[in-house]
$ cat work.txt   # compact mmCIF, C-alpha atoms
# COMPACT_ATOMS: atom_id res chain seq x y z
CA MET A 1 -31.94 -11.37 69.93
CA ASN A 2 -33.49 -13.20 67.02
CA ALA A 3 -33.73 -10.03 64.99
CA LEU A 4 -30.11 -9.29 65.71
CA GLY A 5 -29.15 -12.83 64.70
CA SER A 6 -30.87 -12.54 61.35
CA LYS A 7 -29.21 -9.18 60.77
CA LEU A 8 -25.80 -10.65 61.52
CA LYS A 9 -26.55 -13.47 59.13
CA ALA A 10 -27.47 -10.99 56.42
CA LEU A 11 -24.29 -9.09 57.15
CA THR A 12 -22.21 -12.24 56.79
CA ARG A 13 -23.91 -13.07 53.52
CA LEU A 14 -23.25 -9.58 52.22
CA ARG A 15 -19.62 -9.82 53.30
CA CYS A 16 -19.28 -13.11 51.46
CA GLU A 17 -20.73 -11.53 48.33
CA ILE A 18 -18.38 -8.57 48.49
CA PHE A 19 -15.23 -10.57 49.15
CA GLN A 20 -16.30 -13.46 46.91
CA THR A 21 -16.08 -16.14 49.56
CA SER A 22 -18.58 -18.98 49.88
CA TYR A 23 -21.40 -18.38 52.34
CA ASN A 24 -21.41 -21.32 54.71
CA PRO A 25 -23.27 -20.55 57.94
CA GLN A 26 -23.38 -24.19 59.14
CA ASN A 27 -19.62 -24.61 58.75
CA LEU A 28 -20.06 -27.60 56.48
CA ARG A 29 -16.98 -29.16 54.93
CA THR A 30 -17.43 -27.90 51.41
CA GLY A 31 -13.81 -28.32 50.39
CA ALA A 32 -13.60 -24.60 49.67
CA LYS A 33 -10.24 -24.41 51.39
CA TYR A 34 -8.64 -26.48 48.61
CA LEU A 35 -9.75 -23.88 46.09
CA ARG A 36 -8.89 -20.94 48.30
CA LYS A 37 -5.28 -21.96 48.96
CA HIS A 38 -2.55 -20.43 46.86
CA LEU A 39 -0.90 -22.68 44.31
CA ARG A 40 2.49 -23.85 45.53
CA GLY A 41 3.95 -25.21 42.30
CA PRO A 42 5.26 -21.99 40.72
CA ALA A 43 7.31 -21.13 43.81
CA MET A 44 8.47 -24.74 44.25
CA VAL A 45 9.98 -24.86 40.78
CA LYS A 46 12.08 -21.76 41.48
CA TYR A 47 13.84 -23.24 44.53
CA TYR A 48 17.02 -24.45 42.84
CA PRO A 49 19.00 -21.74 41.08
CA GLU A 50 19.52 -22.37 37.39
CA VAL A 51 22.90 -23.80 36.53
CA ILE A 52 24.25 -22.95 33.10
CA SER A 53 26.71 -25.59 31.95
CA LEU A 54 28.48 -26.10 28.67
CA SER A 55 26.54 -29.31 28.03
CA SER A 56 23.19 -27.57 28.56
CA ILE A 57 24.15 -24.84 26.08
CA ALA A 58 25.25 -27.47 23.56
CA ARG A 59 21.93 -29.26 23.99
CA GLU A 60 19.96 -26.03 23.58
CA PHE A 61 21.79 -24.82 20.48
CA PRO A 62 23.00 -27.87 18.53
CA LYS A 63 23.75 -25.74 15.45
CA MET A 64 26.47 -23.76 17.20
CA GLY A 65 28.71 -26.82 17.24
CA ILE A 66 29.83 -26.50 20.85
CA VAL A 67 31.81 -29.48 22.08
CA ASP A 68 31.70 -30.37 25.76
CA PRO A 69 35.15 -31.78 26.66
CA VAL A 70 33.82 -33.65 29.70
CA GLU A 71 31.28 -35.52 27.56
CA VAL A 72 33.89 -36.26 24.89
CA GLN A 73 36.20 -37.70 27.54
CA ARG A 74 33.40 -39.81 28.98
CA LEU A 75 32.52 -41.31 25.59
CA ALA A 76 36.20 -42.00 24.92
CA ASP A 77 36.48 -43.78 28.27
CA VAL A 78 33.42 -45.90 27.49
CA GLU A 79 34.94 -46.90 24.14
CA ASP A 80 38.21 -47.73 25.85
CA LYS A 81 36.45 -49.91 28.39
CA LYS A 82 34.55 -51.74 25.66
CA ARG A 83 37.80 -52.47 23.86
CA ARG A 84 39.17 -54.06 27.02
CA GLY A 85 36.02 -56.16 27.40
CA LYS A 86 34.76 -54.17 30.35
CA GLY A 87 31.69 -52.62 28.76
CA THR A 88 28.11 -52.95 29.93
CA PRO A 89 26.78 -56.52 29.83
CA LYS A 90 24.27 -57.41 27.14
CA LYS A 91 20.60 -57.32 27.98
CA ALA A 92 19.28 -60.76 28.87
CA LYS A 93 16.91 -62.18 26.23
CA THR A 94 15.26 -64.67 28.56
CA LYS A 95 14.85 -64.79 32.29
CA ALA A 96 17.31 -67.67 32.57
CA ASP A 97 20.05 -65.51 30.99
CA SER A 98 19.79 -62.80 33.59
CA ARG A 99 22.80 -62.44 35.82
CA ARG A 100 20.63 -62.10 38.85
CA THR A 101 19.22 -65.61 38.55
CA ALA A 102 22.66 -66.97 37.67
CA LYS A 103 24.10 -65.55 40.85
CA ARG A 104 21.48 -67.11 43.02
CA ARG A 105 22.29 -70.63 41.89
CA MET B 1 26.95 -31.20 38.63
CA ARG B 2 23.71 -32.20 40.23
CA ASN B 3 23.14 -34.98 42.69
CA ALA B 4 20.67 -37.74 41.72
CA ARG B 5 18.53 -36.88 44.73
CA VAL B 6 18.38 -33.25 43.67
CA ILE B 7 17.35 -34.29 40.16
CA ARG B 8 14.63 -36.49 41.64
CA ASP B 9 13.46 -33.58 43.76
CA MET B 10 13.39 -31.32 40.72
CA LYS B 11 11.27 -33.93 38.96
CA ALA B 12 8.86 -33.90 41.89
CA ARG B 13 8.65 -30.11 41.82
CA ASP B 14 7.92 -30.19 38.12
CA GLY B 15 5.22 -32.83 38.63
CA VAL B 16 3.58 -30.79 41.37
CA LEU B 17 3.48 -27.74 39.13
CA LYS B 18 1.95 -29.65 36.23
CA ASN B 19 -0.71 -31.53 38.20
CA GLU B 20 -1.54 -29.09 40.94
CA ILE B 21 -4.73 -27.65 39.46
CA SER B 22 -6.34 -30.97 38.57
CA ARG B 23 -5.31 -32.41 41.92
CA ARG B 24 -6.91 -29.47 43.70
CA ALA B 25 -10.12 -29.95 41.71
CA TYR B 26 -10.32 -33.62 42.72
CA LEU B 27 -9.47 -32.73 46.31
CA TYR B 28 -12.31 -30.22 46.33
CA VAL B 29 -14.80 -32.83 45.16
CA ALA B 30 -13.48 -35.58 47.41
CA ARG B 31 -13.52 -33.47 50.57
CA ASN B 32 -16.85 -31.78 49.88
CA THR B 33 -19.35 -33.36 52.29
CA THR B 34 -22.31 -31.74 50.54
CA LEU B 35 -21.77 -33.87 47.42
CA PRO B 36 -23.11 -37.43 47.10
CA PRO B 37 -20.75 -40.06 48.57
CA GLN B 38 -20.42 -41.94 45.29
CA ILE B 39 -19.04 -38.92 43.46
CA ARG B 40 -16.68 -38.16 46.32
CA HIS B 41 -15.44 -41.72 46.25
CA GLN B 42 -14.84 -41.51 42.51
CA ALA B 43 -12.84 -38.35 43.02
CA GLN B 44 -10.79 -40.02 45.73
CA LEU B 45 -10.05 -42.94 43.39
CA GLN B 46 -8.91 -40.47 40.76
CA LEU B 47 -6.67 -38.80 43.31
CA ASN B 48 -5.06 -42.15 44.02
CA THR B 49 -4.15 -42.57 40.36
CA PHE B 50 -1.78 -39.59 40.46
CA GLY B 51 1.86 -40.53 40.59
CA LYS B 52 4.26 -40.27 43.47
CA TYR B 53 5.96 -37.19 42.05
CA THR B 54 2.81 -35.11 41.84
CA ARG B 55 2.24 -34.71 45.58
CA PRO B 56 3.60 -31.61 47.25
CA THR B 57 4.73 -33.66 50.25
CA THR B 58 7.31 -35.51 48.11
CA VAL B 59 9.17 -32.26 47.59
CA LYS B 60 12.02 -31.66 49.98
CA ASN B 61 14.28 -28.67 50.15
CA ARG B 62 17.81 -29.87 49.48
CA CYS B 63 21.15 -28.14 49.28
CA SER B 64 21.62 -26.79 45.77
CA GLU B 65 25.38 -27.20 46.11
CA THR B 66 25.80 -30.66 47.64
CA GLY B 67 22.32 -32.19 47.60
CA ARG B 68 22.31 -32.68 51.34
CA GLY B 69 18.81 -33.11 52.79
CA ARG B 70 19.38 -32.03 56.37
CA GLY B 71 20.45 -28.79 57.95
CA ILE B 72 19.18 -26.66 55.07
CA ILE B 73 18.84 -22.89 55.28
CA SER B 74 15.93 -22.59 52.87
CA GLU B 75 16.30 -18.88 52.06
CA PHE B 76 19.64 -19.63 50.43
CA ALA B 77 18.92 -23.25 49.39
CA LEU B 78 22.16 -24.30 51.04
CA CYS B 79 23.11 -26.71 53.78
CA ARG B 80 24.65 -25.28 56.90
CA TYR B 81 28.27 -25.93 55.91
CA GLN B 82 27.92 -24.55 52.38
CA PHE B 83 26.09 -21.59 53.87
CA ARG B 84 29.03 -20.98 56.19
CA LEU B 85 31.56 -21.26 53.39
CA ARG B 86 29.64 -18.90 51.13
CA ALA B 87 28.97 -16.42 53.91
CA LEU B 88 32.62 -16.32 54.96
CA ALA B 89 33.61 -15.82 51.34
CA GLY B 90 31.23 -12.85 51.23
CA GLU B 91 29.04 -14.35 48.50
CA LEU B 92 25.77 -13.98 50.41
CA ASN B 93 24.41 -10.48 50.49
CA GLY B 94 23.56 -9.16 53.94
CA VAL B 95 25.14 -12.08 55.78
CA HIS B 96 28.21 -11.65 57.93
CA LYS B 97 29.66 -13.33 60.93
CA ALA B 98 28.45 -12.21 64.35
CA CYS B 99 31.20 -10.51 66.29
CA CYS B 100 31.32 -8.87 69.75
CA LYS B 101 33.70 -6.21 68.46
CA TYR B 102 31.13 -4.89 65.98
CA LEU B 103 28.47 -4.96 68.67
CA ILE B 104 30.62 -2.84 71.02
CA ILE B 105 31.38 -0.35 68.23
CA ALA B 106 27.69 -0.15 67.37
CA LEU B 107 26.76 0.46 71.00
CA HIS B 108 29.47 3.09 71.27
CA ILE B 109 28.17 4.96 68.20
CA HIS B 110 24.66 4.69 69.51
CA GLY B 111 25.74 6.06 72.93
CA SER B 112 27.62 9.02 71.50
CA ARG B 113 24.57 10.28 69.59

$ encode --input "work.txt" --output "structure tokens"
Amino acid sequence: MNALGSKLKALTRLRCEIFQTSYNPQNLRTGAKYLRKHLRGPAMVKYYPEVISLSSIAREFPKMGIVDPVEVQRLADVEDKKRRGKGTPKKAKTKADSRRTAKRR
Amino acid sequence: MRNARVIRDMKARDGVLKNEISRRAYLYVARNTTLPPQIRHQAQLQLNTFGKYTRPTTVKNRCSETGRGRGIISEFALCRYQFRLRALAGELNGVHKACCKYLIIALHIHGSR
């Protein structure tokens, strides 16, 4: 039995050598499974199909002079709102200026 | 137009891709019981310094059309309603609506052979 056991051990060691796995007869937690696992990142990144929009093309090739009408309209709207006094509020310089604290009082 | 949640998810996917190898290396050291405890602890502390969007568990499959997080058919990256709409429009290859009529015809052809 003992002879057989040692032979099996040798066999396992040889198998580990051939298939390039770590020889671990005592089943210790060597963390090898974290190295063995396939990387998931490359597949994860591919999940969402690529969307080609006019704005993305304009960003990629600024020399082509492509104008995105949606963006132009948005900027025009922002300007219009500013003119009517409905733009974004100014950043608070001190904590006392912040609208959040003002509201609380 | 992409939903904010989808953009966040894309950020997480990107973070996972960029940090995966170093995270794995630290995981290997931290979980290796044959190494001295102090080194393992150091590795665990390093693991804790990684950001939220570097862990694979933060990634969630969302609908690429609407950004919905539930009822997703992952193979098509669509939620169940968008999947239905696309399938009925014939935009998904190999997908068509189940129908008894087709089943009977198929059985009939099979029987006649």

$ interface_residues --input "work.txt" --of "chain A" --to "chain B" --cutoff "10 Å" --atoms "all atoms listed in the file" --output "short mmCIF file (atom, residue, chain, number, x, y, z; two decimals) with C-alpha atoms, keeping the file's coordinate frame"
data_model
loop_
_atom_site.label_atom_id
_atom_site.label_comp_id
_atom_site.auth_asym_id
_atom_site.auth_seq_id
_atom_site.Cartn_x
_atom_site.Cartn_y
_atom_site.Cartn_z
CA LEU A 28 -20.06 -27.60 56.48
CA ARG A 29 -16.98 -29.16 54.93
CA THR A 30 -17.43 -27.90 51.41
CA GLY A 31 -13.81 -28.32 50.39
CA ALA A 32 -13.60 -24.60 49.67
CA LYS A 33 -10.24 -24.41 51.39
CA TYR A 34 -8.64 -26.48 48.61
CA LEU A 35 -9.75 -23.88 46.09
CA ARG A 36 -8.89 -20.94 48.30
CA LYS A 37 -5.28 -21.96 48.96
CA LEU A 39 -0.90 -22.68 44.31
CA ARG A 40 2.49 -23.85 45.53
CA GLY A 41 3.95 -25.21 42.30
CA PRO A 42 5.26 -21.99 40.72
CA ALA A 43 7.31 -21.13 43.81
CA MET A 44 8.47 -24.74 44.25
CA VAL A 45 9.98 -24.86 40.78
CA LYS A 46 12.08 -21.76 41.48
CA TYR A 47 13.84 -23.24 44.53
CA TYR A 48 17.02 -24.45 42.84
CA PRO A 49 19.00 -21.74 41.08
CA GLU A 50 19.52 -22.37 37.39
CA VAL A 51 22.90 -23.80 36.53
CA SER A 53 26.71 -25.59 31.95
#

$ atom_distance --input "work.txt" --atom1 "atom CA of Gly71 of chain B" --atom2 "atom CA of Asn3 of chain B"
16.7 Å

$ atom_distance --input "work.txt" --atom1 "atom CA of Thr57 of chain B" --atom2 "atom CA of His41 of chain B"
22.1 Å

$ atom_distance --input "work.txt" --atom1 "atom CA of Tyr23 of chain A" --atom2 "atom CA of Lys9 of chain A"
9.8 Å

$ axis_aligned_box --input "work.txt" --around "segment 56-73 of chain B" --padding-each-side "6 Å" --output "JSON"
{"center_x": 14.7, "center_y": -29.2, "center_z": 51.9, "size_x": 34.2, "size_y": 24.6, "size_z": 24.2}

$ closest_residue --input "work.txt" --among "B:Ala98, B:Ala87, B:Leu45, B:Arg5" --to "Gly67 of chain B" --atoms "only C-alpha atoms"
B:Arg5

$ decode --input "work.txt" --residues "segment 14-102 of chain A" --atoms "C-alpha atoms" --output "compact mmCIF listing (two decimals), in the first residue's frame"
# COMPACT_ATOMS: atom_id res chain seq x y z
CA LEU A 14 4.88 14.32 -12.79
CA ARG A 15 1.41 15.34 -13.90
CA CYS A 16 1.86 18.73 -12.26
CA GLU A 17 5.17 19.17 -14.07
CA ILE A 18 3.68 18.27 -17.43
CA PHE A 19 0.59 20.45 -17.12
CA GLN A 20 2.44 23.23 -15.28
CA THR A 21 0.23 23.23 -12.22
CA SER A 22 1.54 23.68 -8.69
CA TYR A 23 2.21 20.46 -6.79
CA ASN A 24 0.31 20.71 -3.53
CA PRO A 25 -0.23 17.31 -1.92
CA GLN A 26 -1.40 18.71 1.44
CA ASN A 27 -4.07 20.87 -0.19
CA LEU A 28 -2.69 24.01 1.42
CA ARG A 29 -4.26 27.33 0.52
CA THR A 30 -1.52 28.66 -1.69
CA GLY A 31 -3.68 31.18 -3.51
CA ALA A 32 -2.87 29.45 -6.80
CA LYS A 33 -6.50 29.68 -7.86
CA TYR A 34 -6.23 33.47 -8.14
CA LEU A 35 -3.43 33.04 -10.66
CA ARG A 36 -5.09 30.16 -12.45
CA LYS A 37 -8.39 31.94 -13.13
CA HIS A 38 -8.93 33.57 -16.48
CA LEU A 39 -8.87 37.35 -16.56
CA ARG A 40 -12.38 38.75 -16.78
CA GLY A 41 -11.63 42.34 -17.74
CA PRO A 42 -11.18 41.97 -21.52
CA ALA A 43 -14.58 40.31 -21.91
CA MET A 44 -16.23 42.75 -19.48
CA VAL A 45 -15.20 45.77 -21.53
CA LYS A 46 -16.82 44.32 -24.65
CA TYR A 47 -20.30 44.00 -23.11
CA TYR A 48 -21.81 47.25 -24.38
CA PRO A 49 -21.83 47.60 -28.15
CA GLU A 50 -19.97 50.63 -29.42
CA VAL A 51 -22.19 53.56 -30.28
CA ILE A 52 -20.92 55.87 -32.99
CA SER A 53 -22.41 59.32 -32.59
CA LEU A 54 -21.75 62.57 -34.38
CA SER A 55 -20.30 64.11 -31.22
CA SER A 56 -17.86 61.23 -30.75
CA ILE A 57 -16.64 61.60 -34.34
CA ALA A 58 -16.24 65.35 -33.86
CA ARG A 59 -14.22 64.72 -30.70
CA GLU A 60 -12.03 62.13 -32.44
CA PHE A 61 -11.29 64.22 -35.52
CA PRO A 62 -11.38 67.91 -34.52
CA LYS A 63 -9.70 68.95 -37.79
CA MET A 64 -12.62 67.77 -39.92
CA GLY A 65 -14.76 70.60 -38.60
CA ILE A 66 -17.87 68.53 -37.91
CA VAL A 67 -20.56 70.42 -36.05
CA ASP A 68 -22.93 68.51 -33.80
CA PRO A 69 -26.31 70.30 -33.99
CA VAL A 70 -27.49 68.87 -30.66
CA GLU A 71 -24.45 70.32 -28.86
CA VAL A 72 -24.84 73.66 -30.63
CA GLN A 73 -28.47 73.83 -29.54
CA ARG A 74 -27.55 72.95 -25.97
CA LEU A 75 -24.93 75.71 -25.77
CA ALA A 76 -27.40 78.18 -27.27
CA ASP A 77 -29.98 77.21 -24.65
CA VAL A 78 -27.45 77.68 -21.86
CA GLU A 79 -26.60 81.16 -23.18
CA ASP A 80 -30.29 81.98 -23.40
CA LYS A 81 -30.87 80.88 -19.83
CA LYS A 82 -27.93 82.97 -18.61
CA ARG A 83 -29.36 86.02 -20.33
CA ARG A 84 -32.62 85.53 -18.47
CA GLY A 85 -30.75 85.19 -15.17
CA LYS A 86 -31.40 81.48 -14.91
CA GLY A 87 -27.84 80.23 -15.28
CA THR A 88 -25.91 78.09 -12.84
CA PRO A 89 -25.32 79.78 -9.47
CA LYS A 90 -21.83 80.99 -8.67
CA LYS A 91 -19.55 78.78 -6.64
CA ALA A 92 -19.58 79.73 -2.97
CA LYS A 93 -16.30 81.30 -1.80
CA THR A 94 -16.86 80.58 1.87
CA LYS A 95 -18.93 78.03 3.69
CA ALA A 96 -21.37 80.69 4.85
CA ASP A 97 -22.16 81.59 1.22
CA SER A 98 -23.24 78.11 0.30
CA ARG A 99 -26.90 77.74 -0.51
CA ARG A 100 -27.13 74.60 1.50
CA THR A 101 -26.34 76.34 4.78
CA ALA A 102 -28.58 79.25 3.83
